[in-house]
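Trainee: Dropping a structure here in structure tokens format, bear with me for questions.
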Amino acid sequence: MAYFPLFIDLNQKQGLVVGGGPVAARKIRTLLPYGPHLTVCAPSVLPELETLSGLTLRREPFSPALLEGAFFVLAATDDRELNSRIARLCRERNIPVNVADPGTESTFLFPSVVRRGPLTVGISTGGKSPSAAHYLKEQIEGLLPGNLEAILLWMDAAREELKGSALSQPQRSACLSRLFAAALQAGVPLTREETQSLLSFETEELP
């Protein structure tokens with residue numbers, strides 16, 4: 001059965017990462033832009049982890065007490081038995097856990113991620129083919145316009161402005177779709193004059 005893509009707010013949430021090697025480092029780099037507080041537990045860690053802000057490093061073996069208060073856990077050691085133990089403890093405590101080893105012990109999967117500002121695209125093959133997920137990630141990255149982050153932020157402001165208009169919800173949705181299409185065609189956010197001109201024209205065409 002496929003996994004449902006559930007997007008959650010990680011800002012200020014407590015995460016525990018058990019392991020300090022390349023797998024843990026890759027997942028930590030992906031997570032940090034989303035604002036969690038990460039505790040990394042491992043007897044030794046890669047030097048690059050020592051330079052990252054937003055991490056609490058605990059150079060010690062894993063103990064169940066570290067699970068206290070964790071919103072999610074990554075079991076990313078090179079010890080399958082330890083990863084399995086961590087997963088079991090998390091399931092007993094109803095803590096979402098991702099296990100680096102292949103298998104069915106994870107309660108959530110770690111996707112390949114494409115991010116452009118507020119846009120996040122998560123790609124998962126249900127653990128069947130990480131290589132395919134990586135390939136699809138590269139393809140999607142190549143399809144996204146370079147100025148998409150700025151366009152999305154501009155669209156957010158346009159949506160807020162239209163909320164105060166006399167247009168109905170279907171009419172606002174139609175206007176926003178046309179504004180987005182125009183910005184994509186231009187490759188940049190529209191100026192205020194261009195926005196007002198387009199909206200004036202579009203609202204005349206709306207029922």
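Chain lettering (A, B, ...) mirrors the order of the structure tokens, residue numbering begins at 1 for each chain separately, and ligand numbering begins at 1 in order of display.
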Hey, which bits of segment 76-160 of chain A sit within 8 Å of segment 183-193 of chain A, and for each residue what's the closest pair of atoms and how far apart in Å (one decimal), counting only C-alpha atoms, rows by chain and increasing number, as JSON lines?
Mentor:
{"residue": "A:Pro145", "atom": "CA", "partner": "A:Gly187", "partner_atom": "CA", "distance": 7.3}
{"residue": "A:Gly146", "atom": "CA", "partner": "A:Gly187", "partner_atom": "CA", "distance": 8.0}
{"residue": "A:Asn147", "atom": "CA", "partner": "A:Val188", "partner_atom": "CA", "distance": 6.2}
{"residue": "A:Leu148", "atom": "CA", "partner": "A:Val188", "partner_atom": "CA", "distance": 7.9}
{"residue": "A:Ala150", "atom": "CA", "partner": "A:Pro189", "partner_atom": "CA", "distance": 6.7}
{"residue": "A:Ile151", "atom": "CA", "partner": "A:Pro189", "partner_atom": "CA", "distance": 5.0}
{"residue": "A:Trp154", "atom": "CA", "partner": "A:Pro189", "partner_atom": "CA", "distance": 6.2}
Trainee: Excluding segment 173-181 of chain A and residues on its chain fewer than 2 positions from it, collect all residues at most 8 Å away from it, counting only C-alpha atoms, and give them as a PDB file with N, CA, C and O atoms, in the first residue's frame.
Mentor:
ATOM      1  N   ILE A 151       7.443  34.496  -7.001  1.00  0.00           N
ATOM      2  CA  ILE A 151       6.084  34.490  -7.544  1.00  0.00           C
ATOM      3  C   ILE A 151       5.084  33.998  -6.493  1.00  0.00           C
ATOM      4  O   ILE A 151       3.989  34.555  -6.350  1.00  0.00           O
ATOM      5  N   MET A 155       1.964  35.935  -4.977  1.00  0.00           N
ATOM      6  CA  MET A 155       0.616  35.377  -5.046  1.00  0.00           C
ATOM      7  C   MET A 155      -0.069  35.406  -3.685  1.00  0.00           C
ATOM      8  O   MET A 155      -1.287  35.632  -3.587  1.00  0.00           O
ATOM      9  N   ALA A 158      -1.319  38.865  -3.235  1.00  0.00           N
ATOM     10  CA  ALA A 158      -2.467  39.104  -4.117  1.00  0.00           C
ATOM     11  C   ALA A 158      -3.724  38.433  -3.564  1.00  0.00           C
ATOM     12  O   ALA A 158      -4.823  38.995  -3.622  1.00  0.00           O
ATOM     13  N   ARG A 159      -3.573  37.231  -3.021  1.00  0.00           N
ATOM     14  CA  ARG A 159      -4.716  36.516  -2.445  1.00  0.00           C
ATOM     15  C   ARG A 159      -5.290  37.279  -1.261  1.00  0.00           C
ATOM     16  O   ARG A 159      -6.510  37.406  -1.109  1.00  0.00           O
ATOM     17  N   GLN A 169     -16.087  33.810  -4.024  1.00  0.00           N
ATOM     18  CA  GLN A 169     -14.950  32.881  -3.925  1.00  0.00           C
ATOM     19  C   GLN A 169     -14.589  32.278  -5.281  1.00  0.00           C
ATOM     20  O   GLN A 169     -13.402  32.244  -5.642  1.00  0.00           O
ATOM     21  N   PRO A 170     -15.544  31.792  -6.068  1.00  0.00           N
ATOM     22  CA  PRO A 170     -15.173  31.269  -7.394  1.00  0.00           C
ATOM     23  C   PRO A 170     -14.521  32.322  -8.278  1.00  0.00           C
ATOM     24  O   PRO A 170     -13.589  32.025  -9.033  1.00  0.00           O
ATOM     25  N   GLN A 171     -15.000  33.573  -8.186  1.00  0.00           N
ATOM     26  CA  GLN A 171     -14.401  34.638  -8.988  1.00  0.00           C
ATOM     27  C   GLN A 171     -12.977  34.947  -8.534  1.00  0.00           C
ATOM     28  O   GLN A 171     -12.088  35.174  -9.358  1.00  0.00           O
ATOM     29  N   ALA A 183       2.104  35.489 -14.334  1.00  0.00           N
ATOM     30  CA  ALA A 183       3.418  35.622 -13.701  1.00  0.00           C
ATOM     31  C   ALA A 183       4.368  34.539 -14.192  1.00  0.00           C
ATOM     32  O   ALA A 183       5.561  34.795 -14.417  1.00  0.00           O
ATOM     33  N   LEU A 184       3.858  33.319 -14.356  1.00  0.00           N
ATOM     34  CA  LEU A 184       4.708  32.248 -14.882  1.00  0.00           C
ATOM     35  C   LEU A 184       5.172  32.566 -16.291  1.00  0.00           C
ATOM     36  O   LEU A 184       6.330  32.317 -16.652  1.00  0.00           O
ATOM     37  N   GLN A 185       4.287  33.112 -17.088  1.00  0.00           N
ATOM     38  CA  GLN A 185       4.661  33.468 -18.456  1.00  0.00           C
ATOM     39  C   GLN A 185       5.714  34.578 -18.460  1.00  0.00           C
ATOM     40  O   GLN A 185       6.657  34.548 -19.264  1.00  0.00           O
ATOM     41  N   THR A 195      -0.751  44.086 -12.320  1.00  0.00           N
ATOM     42  CA  THR A 195      -1.749  43.307 -11.585  1.00  0.00           C
ATOM     43  C   THR A 195      -3.115  43.963 -11.674  1.00  0.00           C
ATOM     44  O   THR A 195      -4.125  43.308 -11.974  1.00  0.00           O
ATOM     45  N   LEU A 198      -4.584  43.687 -15.188  1.00  0.00           N
ATOM     46  CA  LEU A 198      -5.079  42.349 -15.499  1.00  0.00           C
ATOM     47  C   LEU A 198      -6.367  42.055 -14.734  1.00  0.00           C
ATOM     48  O   LEU A 198      -7.321  41.508 -15.284  1.00  0.00           O
ATOM     49  N   LEU A 199      -6.411  42.446 -13.456  1.00  0.00           N
ATOM     50  CA  LEU A 199      -7.606  42.193 -12.654  1.00  0.00           C
ATOM     51  C   LEU A 199      -8.800  42.975 -13.200  1.00  0.00           C
ATOM     52  O   LEU A 199      -9.919  42.467 -13.223  1.00  0.00           O
ATOM     53  N   GLU A 202      -9.927  41.068 -16.212  1.00  0.00           N
ATOM     54  CA  GLU A 202     -10.486  39.767 -15.904  1.00  0.00           C
ATOM     55  C   GLU A 202     -11.858  39.888 -15.243  1.00  0.00           C
ATOM     56  O   GLU A 202     -12.769  39.109 -15.512  1.00  0.00           O
ATOM     57  N   THR A 203     -12.012  40.854 -14.337  1.00  0.00           N
ATOM     58  CA  THR A 203     -13.284  40.974 -13.627  1.00  0.00           C
ATOM     59  C   THR A 203     -14.407  41.375 -14.576  1.00  0.00           C
ATOM     60  O   THR A 203     -15.574  41.050 -14.366  1.00  0.00           O
TER      61      THR A 203
END
Trainee: With only C-alpha atoms as the basis for distance, which of A:Leu67, A:Ala100, A:Val121, A:Gly15 is at the shortest distance from Ala133 of chain A?
Mentor: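 Ranking A:Leu67, A:Ala100, A:Val121, A:Gly15 by distance to Ala133 of chain A, first place goes to A:Val121.
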Trainee: Separation of atom CA of Val23 of chain A and atom CA of Ala76 of chain A, in Å?
Mentor: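 Atom-to-atom, atom CA of Val23 of chain A to atom CA of Ala76 of chain A, that is 6.3 Å.
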Trainee: Could you jot down the atom CA of Ala25 of chain A to atom CA of Leu49 of chain A separation for me, Å, one decimal place?
Mentor: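 That distance, rounded to one decimal, is 6.8 Å.
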Trainee: Atom CA of Gly54 of chain A to atom CA of Leu74 of chain A: how many Å, to one decimal?
Mentor: 16.0 Å
Trainee: Do you know which residues are at most 7 Å from Pro96 of chain A counting only C-alpha atoms, after dropping those on the same chain fewer than 6 positions away, and could you put them as JSON, numbers by chain?
Mentor: {"A": [72, 73, 90, 107, 108]}
Trainee: What's the 10 Å shell around Ala42 of chain A, counting only C-alpha atoms, without same-chain residues fewer than 5 positions away, as a PyMOL selection string?
Mentor: chain A and resi 17-21+57-62+76-77
Trainee: Running DSSP on the backbone, which parts of segment 16-182 of chain A land in strand (DSSP E or B), as a list in words?
Mentor: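 In segment 16-182 of chain A, DSSP puts these residues in strand (DSSP E or B): Leu16, Val17, Val18, His37, Leu38, Thr39, Val40, Cys41, Leu55, Thr56, Leu57, Arg58, Phe72, Val73, Leu74, Ala75, Val97, Asn98, Val99, Ser112, Val113, Val114, Arg115, Arg116, Leu119, Thr120, Val121, Gly122 and Ile123 of chain A.
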Trainee: Identify all residues of chain A in helix (DSSP H, G or I) (DSSP on the backbone) and supply them as an MDAnalysis selection string.
Mentor: chainID A and resid 22:34 47:50 64:67 80:92 130:143 148:163 169:186 192:205
Trainee: I need the residue nearest Gly69 of chain A from this list: A:Leu109, A:Pro47, A:Leu16, A:Ile86. Use only C-alpha atoms for the distance.
Mentor: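 When distances to Gly69 of chain A are compared using only C-alpha atoms, the smallest one comes from A:Leu16.
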Trainee: So, with only C-alpha atoms as the atoms that count, which of A:Arg115, A:Val97, A:Phe110, A:Leu55 lies closest to Pro130 of chain A?
Mentor: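 Between A:Arg115, A:Val97, A:Phe110, A:Leu55, the residue approaching Pro130 of chain A most closely is A:Phe110.
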